[in-house]
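*Asks:* Just so it is clear, I am handing over query05.pdb, which has PDB, C-alpha atoms, pLDDT in the B column.
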```pdb
ATOM      1  CA  MET A 737       0.000   0.000   0.000  1.00 58.00           C
ATOM      2  CA  THR A 738       1.380   3.424  -0.941  1.00 59.00           C
ATOM      3  CA  ILE A 739       0.603   6.444   1.241  1.00 57.00           C
ATOM      4  CA  GLN A 740       1.826  10.012   1.325  1.00 57.00           C
ATOM      5  CA  ASN A 741       3.684  11.408   4.339  1.00 53.00           C
ATOM      6  CA  ARG A 742       3.248  14.996   5.508  1.00 54.00           C
ATOM      7  CA  TRP A 743       6.007  16.201   3.156  1.00 55.00           C
ATOM      8  CA  GLY A 744       4.213  14.788   0.119  1.00 59.00           C
ATOM      9  CA  ASP A 745       6.577  11.845  -0.372  1.00 60.00           C
ATOM     10  CA  ASN A 746       5.105   8.515  -1.364  1.00 63.00           C
ATOM     11  CA  VAL A 747       5.867   5.846   1.214  1.00 55.00           C
ATOM     12  CA  GLU A 748       5.230   2.123   1.044  1.00 56.00           C
ATOM     13  CA  LYS A 749       3.313   0.935   4.099  1.00 50.00           C
ATOM     14  CA  ASP A 750       3.243  -2.677   5.137  1.00 51.00           C
ATOM     15  CA  GLY A 751      -0.286  -3.774   6.105  1.00 47.00           C
ATOM     16  CA  GLY A 752      -0.908  -2.874   9.759  1.00 48.00           C
ATOM     17  CA  GLY A 753       2.431  -1.355  10.758  1.00 50.00           C
ATOM     18  CA  LEU A 754       2.837   1.966  12.552  1.00 49.00           C
ATOM     19  CA  LEU A 755       4.422   4.988  10.923  1.00 51.00           C
ATOM     20  CA  GLY A 756       7.088   7.073  12.605  1.00 54.00           C
ATOM     21  CA  PRO A 757       7.209  10.889  12.618  1.00 53.00           C
ATOM     22  CA  ASP A 758       9.051  10.798   9.295  1.00 57.00           C
ATOM     23  CA  GLY A 759       6.241   8.814   7.658  1.00 58.00           C
ATOM     24  CA  GLN A 760       8.392   5.712   7.388  1.00 59.00           C
ATOM     25  CA  PRO A 761       7.130   2.391   8.766  1.00 57.00           C
ATOM     26  CA  LEU A 762       8.333   1.507  12.221  1.00 53.00           C
ATOM     27  CA  SER A 763      10.131  -1.783  12.564  1.00 53.00           C
ATOM     28  CA  SER A 764       8.177  -4.543  14.239  1.00 49.00           C
ATOM     29  CA  SER A 765      11.323  -5.678  16.029  1.00 49.00           C
ATOM     30  CA  PRO A 766      12.728  -3.294  18.624  1.00 52.00           C
ATOM     31  CA  GLN A 767      16.006  -1.755  17.592  1.00 54.00           C
ATOM     32  CA  THR A 768      18.699  -1.169  20.148  1.00 54.00           C
ATOM     33  CA  PRO A 769      20.238   2.294  20.009  1.00 53.00           C
ATOM     34  CA  PRO A 770      23.995   2.610  19.510  1.00 55.00           C
ATOM     35  CA  GLU A 771      25.946   2.628  22.763  1.00 58.00           C
ATOM     36  CA  ASP A 772      27.772   5.901  22.100  1.00 56.00           C
ATOM     37  CA  VAL A 773      24.663   7.992  21.376  1.00 55.00           C
ATOM     38  CA  PRO A 774      23.210   9.633  24.507  1.00 57.00           C
ATOM     39  CA  GLN A 775      19.528   8.835  24.982  1.00 62.00           C
ATOM     40  CA  ALA A 776      16.890  11.377  25.960  1.00 63.00           C
ATOM     41  CA  GLY A 777      16.442  11.314  29.710  1.00 66.00           C
ATOM     42  CA  ALA A 778      19.717   9.453  30.171  1.00 69.00           C
ATOM     43  CA  GLU A 779      21.954  10.366  33.080  1.00 74.00           C
ATOM     44  CA  PRO A 780      24.687  12.837  32.106  1.00 72.00           C
ATOM     45  CA  GLN A 781      28.122  11.285  31.975  1.00 80.00           C
ATOM     46  CA  LEU A 782      29.983  11.842  35.231  1.00 82.00           C
ATOM     47  CA  ASP A 783      33.625  12.591  34.585  1.00 90.00           C
ATOM     48  CA  PHE A 784      36.207  15.137  35.674  1.00 92.00           C
ATOM     49  CA  PHE A 785      35.457  17.545  32.804  1.00 92.00           C
ATOM     50  CA  ASN A 786      31.739  17.664  33.577  1.00 93.00           C
ATOM     51  CA  TYR A 787      32.389  18.050  37.304  1.00 94.00           C
ATOM     52  CA  ILE A 788      34.741  21.020  36.797  1.00 95.00           C
ATOM     53  CA  ALA A 789      32.367  22.562  34.251  1.00 94.00           C
ATOM     54  CA  SER A 790      29.477  22.150  36.693  1.00 94.00           C
ATOM     55  CA  LEU A 791      31.396  23.920  39.468  1.00 96.00           C
ATOM     56  CA  GLY A 792      32.378  26.639  36.994  1.00 96.00           C
ATOM     57  CA  PHE A 793      28.769  27.208  35.886  1.00 95.00           C
ATOM     58  CA  GLN A 794      27.607  27.334  39.489  1.00 96.00           C
ATOM     59  CA  THR A 795      30.293  29.920  40.211  1.00 96.00           C
ATOM     60  CA  MET A 796      29.221  31.996  37.207  1.00 96.00           C
ATOM     61  CA  ILE A 797      25.651  31.964  38.519  1.00 96.00           C
ATOM     62  CA  PHE A 798      26.797  33.145  41.955  1.00 96.00           C
ATOM     63  CA  LEU A 799      28.927  35.854  40.341  1.00 97.00           C
ATOM     64  CA  GLY A 800      25.785  37.121  38.607  1.00 95.00           C
ATOM     65  CA  GLU A 801      27.224  36.360  35.168  1.00 94.00           C
ATOM     66  CA  MET A 802      24.437  33.905  34.307  1.00 93.00           C
ATOM     67  CA  PRO A 803      20.796  33.683  35.386  1.00 94.00           C
ATOM     68  CA  ASN A 804      19.881  31.097  37.985  1.00 92.00           C
ATOM     69  CA  PRO A 805      18.269  28.237  36.005  1.00 91.00           C
ATOM     70  CA  VAL A 806      15.640  27.701  38.716  1.00 91.00           C
ATOM     71  CA  THR A 807      14.500  31.324  39.187  1.00 92.00           C
ATOM     72  CA  ASN A 808      15.698  32.637  35.800  1.00 93.00           C
ATOM     73  CA  LYS A 809      16.965  35.704  37.676  1.00 94.00           C
ATOM     74  CA  THR A 810      20.498  37.057  37.838  1.00 95.00           C
ATOM     75  CA  GLU A 811      21.635  37.133  41.456  1.00 93.00           C
ATOM     76  CA  LYS A 812      25.026  37.772  43.074  1.00 95.00           C
ATOM     77  CA  ASN A 813      26.330  35.786  46.017  1.00 96.00           C
ATOM     78  CA  LEU A 814      30.051  36.539  46.185  1.00 96.00           C
ATOM     79  CA  LYS A 815      30.525  34.509  49.367  1.00 97.00           C
ATOM     80  CA  GLN A 816      29.239  31.351  47.647  1.00 97.00           C
ATOM     81  CA  ALA A 817      31.224  32.171  44.484  1.00 97.00           C
ATOM     82  CA  LYS A 818      34.423  32.444  46.549  1.00 97.00           C
ATOM     83  CA  PHE A 819      33.633  29.117  48.232  1.00 98.00           C
ATOM     84  CA  LEU A 820      33.324  27.379  44.847  1.00 97.00           C
ATOM     85  CA  ILE A 821      36.511  28.997  43.509  1.00 97.00           C
ATOM     86  CA  ASP A 822      38.330  27.840  46.647  1.00 98.00           C
ATOM     87  CA  THR A 823      36.890  24.352  46.079  1.00 97.00           C
ATOM     88  CA  LEU A 824      38.385  24.330  42.576  1.00 98.00           C
ATOM     89  CA  VAL A 825      41.751  25.441  44.005  1.00 98.00           C
ATOM     90  CA  ILE A 826      41.641  22.597  46.558  1.00 97.00           C
ATOM     91  CA  LEU A 827      40.836  20.137  43.761  1.00 97.00           C
ATOM     92  CA  ARG A 828      43.814  21.465  41.787  1.00 97.00           C
ATOM     93  CA  ASP A 829      46.125  21.071  44.788  1.00 97.00           C
ATOM     94  CA  LYS A 830      44.873  17.581  45.679  1.00 97.00           C
ATOM     95  CA  THR A 831      44.986  16.238  42.104  1.00 96.00           C
ATOM     96  CA  LYS A 832      48.375  17.703  41.170  1.00 95.00           C
ATOM     97  CA  GLY A 833      50.290  15.188  39.061  1.00 95.00           C
ATOM     98  CA  ASN A 834      47.243  12.938  38.569  1.00 96.00           C
ATOM     99  CA  LEU A 835      45.484  14.806  35.757  1.00 95.00           C
ATOM    100  CA  SER A 836      45.850  14.608  32.006  1.00 94.00           C
ATOM    101  CA  LYS A 837      47.069  17.747  30.247  1.00 95.00           C
ATOM    102  CA  GLU A 838      43.524  18.527  29.080  1.00 95.00           C
ATOM    103  CA  GLU A 839      42.100  18.133  32.597  1.00 95.00           C
ATOM    104  CA  ASP A 840      44.885  20.243  34.078  1.00 96.00           C
ATOM    105  CA  ASP A 841      44.374  22.974  31.452  1.00 95.00           C
ATOM    106  CA  LEU A 842      40.622  23.023  32.067  1.00 95.00           C
ATOM    107  CA  LEU A 843      41.019  23.247  35.829  1.00 96.00           C
ATOM    108  CA  ASN A 844      43.722  25.937  35.761  1.00 96.00           C
ATOM    109  CA  GLY A 845      41.923  27.949  33.079  1.00 96.00           C
ATOM    110  CA  SER A 846      38.642  27.800  35.003  1.00 96.00           C
ATOM    111  CA  ILE A 847      40.281  28.917  38.226  1.00 97.00           C
ATOM    112  CA  TYR A 848      42.106  31.775  36.478  1.00 97.00           C
ATOM    113  CA  GLU A 849      38.995  33.106  34.697  1.00 96.00           C
ATOM    114  CA  LEU A 850      36.750  32.799  37.751  1.00 96.00           C
ATOM    115  CA  GLN A 851      39.278  34.479  40.046  1.00 97.00           C
ATOM    116  CA  LEU A 852      39.584  37.409  37.608  1.00 96.00           C
ATOM    117  CA  ARG A 853      35.813  37.852  37.484  1.00 96.00           C
ATOM    118  CA  TYR A 854      35.547  37.550  41.267  1.00 97.00           C
ATOM    119  CA  VAL A 855      38.193  40.244  41.831  1.00 96.00           C
ATOM    120  CA  ASP A 856      36.514  42.576  39.309  1.00 95.00           C
ATOM    121  CA  LEU A 857      33.124  42.173  40.992  1.00 94.00           C
ATOM    122  CA  SER A 858      34.371  42.462  44.574  1.00 90.00           C
ATOM    123  CA  LYS A 859      35.949  45.916  44.041  1.00 87.00           C
TER
END
```
Since I need it in another form, could you write the structure as structure tokens?

*Replies:*
Amino acid sequence: MTIQNRWGDNVEKDGGGLLGPDGQPLSSSPQTPPEDVPQAGAEPQLDFFNYIASLGFQTMIFLGEMPNPVTNKTEKNLKQAKFLIDTLVILRDKTKGNLSKEEDDLLNGSIYELQLRYVDLSK
């Protein structure tokens, strides 16, 4: 049976099968997604890069550089920002010699940029 999808393309439909959003028939056998493609609703990958980036984003929120994702308002909390910057410095000190070059560059660059912004805002 030939049908037309919403873009005007002719599509062959097998008897009683379901059509996907692209107008193509869905497979009757479940397909397993590739392992390396993140799935919707999947847990974010926990690694050093994401952890440092998360602390950096939180610091930017407390510096008032980004809106709070919960309230969607820009708020400053320099005390909390300093605490997170100090946390990154402690992580740098405690992981010295155990990081890859990329991890070390990310951590040092994050600390440098956040400290500069903190000093500018605390004047």

*Asks:* Using all atoms listed in the file, which of the listed residues (A:Phe798, A:Phe819, A:Leu824, A:Asn808) sits closest to Gly845 of chain A?

*Replies:* A:Leu824

*Asks:* Decode the PyMOL selection byres ((chain A and resi 829-844) around 12) for the given file into explicit residues and return them as a PyMOL selection string.

*Replies:* chain A and resi 783-792+821-828+845-851

*Asks:* May I have the residues from that selection written out with C-alpha atoms, as a PDB file, in the coordinates of the input?

*Replies:*
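To be explicit, this is the file written out as selection.pdb:
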```pdb
ATOM      1  CA  ASP A 783      33.625  12.591  34.585  1.00 90.00           C
ATOM      2  CA  PHE A 784      36.207  15.137  35.674  1.00 92.00           C
ATOM      3  CA  PHE A 785      35.457  17.545  32.804  1.00 92.00           C
ATOM      4  CA  ASN A 786      31.739  17.664  33.577  1.00 93.00           C
ATOM      5  CA  TYR A 787      32.389  18.050  37.304  1.00 94.00           C
ATOM      6  CA  ILE A 788      34.741  21.020  36.797  1.00 95.00           C
ATOM      7  CA  ALA A 789      32.367  22.562  34.251  1.00 94.00           C
ATOM      8  CA  SER A 790      29.477  22.150  36.693  1.00 94.00           C
ATOM      9  CA  LEU A 791      31.396  23.920  39.468  1.00 96.00           C
ATOM     10  CA  GLY A 792      32.378  26.639  36.994  1.00 96.00           C
ATOM     11  CA  ILE A 821      36.511  28.997  43.509  1.00 97.00           C
ATOM     12  CA  ASP A 822      38.330  27.840  46.647  1.00 98.00           C
ATOM     13  CA  THR A 823      36.890  24.352  46.079  1.00 97.00           C
ATOM     14  CA  LEU A 824      38.385  24.330  42.576  1.00 98.00           C
ATOM     15  CA  VAL A 825      41.751  25.441  44.005  1.00 98.00           C
ATOM     16  CA  ILE A 826      41.641  22.597  46.558  1.00 97.00           C
ATOM     17  CA  LEU A 827      40.836  20.137  43.761  1.00 97.00           C
ATOM     18  CA  ARG A 828      43.814  21.465  41.787  1.00 97.00           C
ATOM     19  CA  GLY A 845      41.923  27.949  33.079  1.00 96.00           C
ATOM     20  CA  SER A 846      38.642  27.800  35.003  1.00 96.00           C
ATOM     21  CA  ILE A 847      40.281  28.917  38.226  1.00 97.00           C
ATOM     22  CA  TYR A 848      42.106  31.775  36.478  1.00 97.00           C
ATOM     23  CA  GLU A 849      38.995  33.106  34.697  1.00 96.00           C
ATOM     24  CA  LEU A 850      36.750  32.799  37.751  1.00 96.00           C
ATOM     25  CA  GLN A 851      39.278  34.479  40.046  1.00 97.00           C
TER      26      GLN A 851
END
```

*Asks:* Which one of A:Leu857, A:Phe793, A:Leu820, A:Gln781 sits closest to Pro805 of chain A if you count all atoms listed in the file?

*Replies:*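 Closest to Pro805 of chain A of all the choices is A:Phe793.
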
*Asks:* Using the file's own x, y and z axes, what box holds all listed atoms of segment 811-819 of chain A with 4 Å on each side, keeping edges along x, y and z, and what are its centre and edge lengths in Å to one decimal, as JSON?

*Replies:*
```
{"center_x": 28.0, "center_y": 33.4, "center_z": 45.4, "size_x": 20.8, "size_y": 16.7, "size_z": 15.9}
```

*Asks:* When you draw a straight line from atom CA of Glu811 of chain A to atom CA of Pro780 of chain A, how long is it in Å?

*Replies:*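 That distance, rounded to one decimal, is 26.2 Å.
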
*Asks:* Give as a ChimeraX atom specification the residues that the PyMOL selection byres ((chain A and resi 810) around 12) matches when applied to the coordinates above.

*Replies:* /A:796-809,811-813
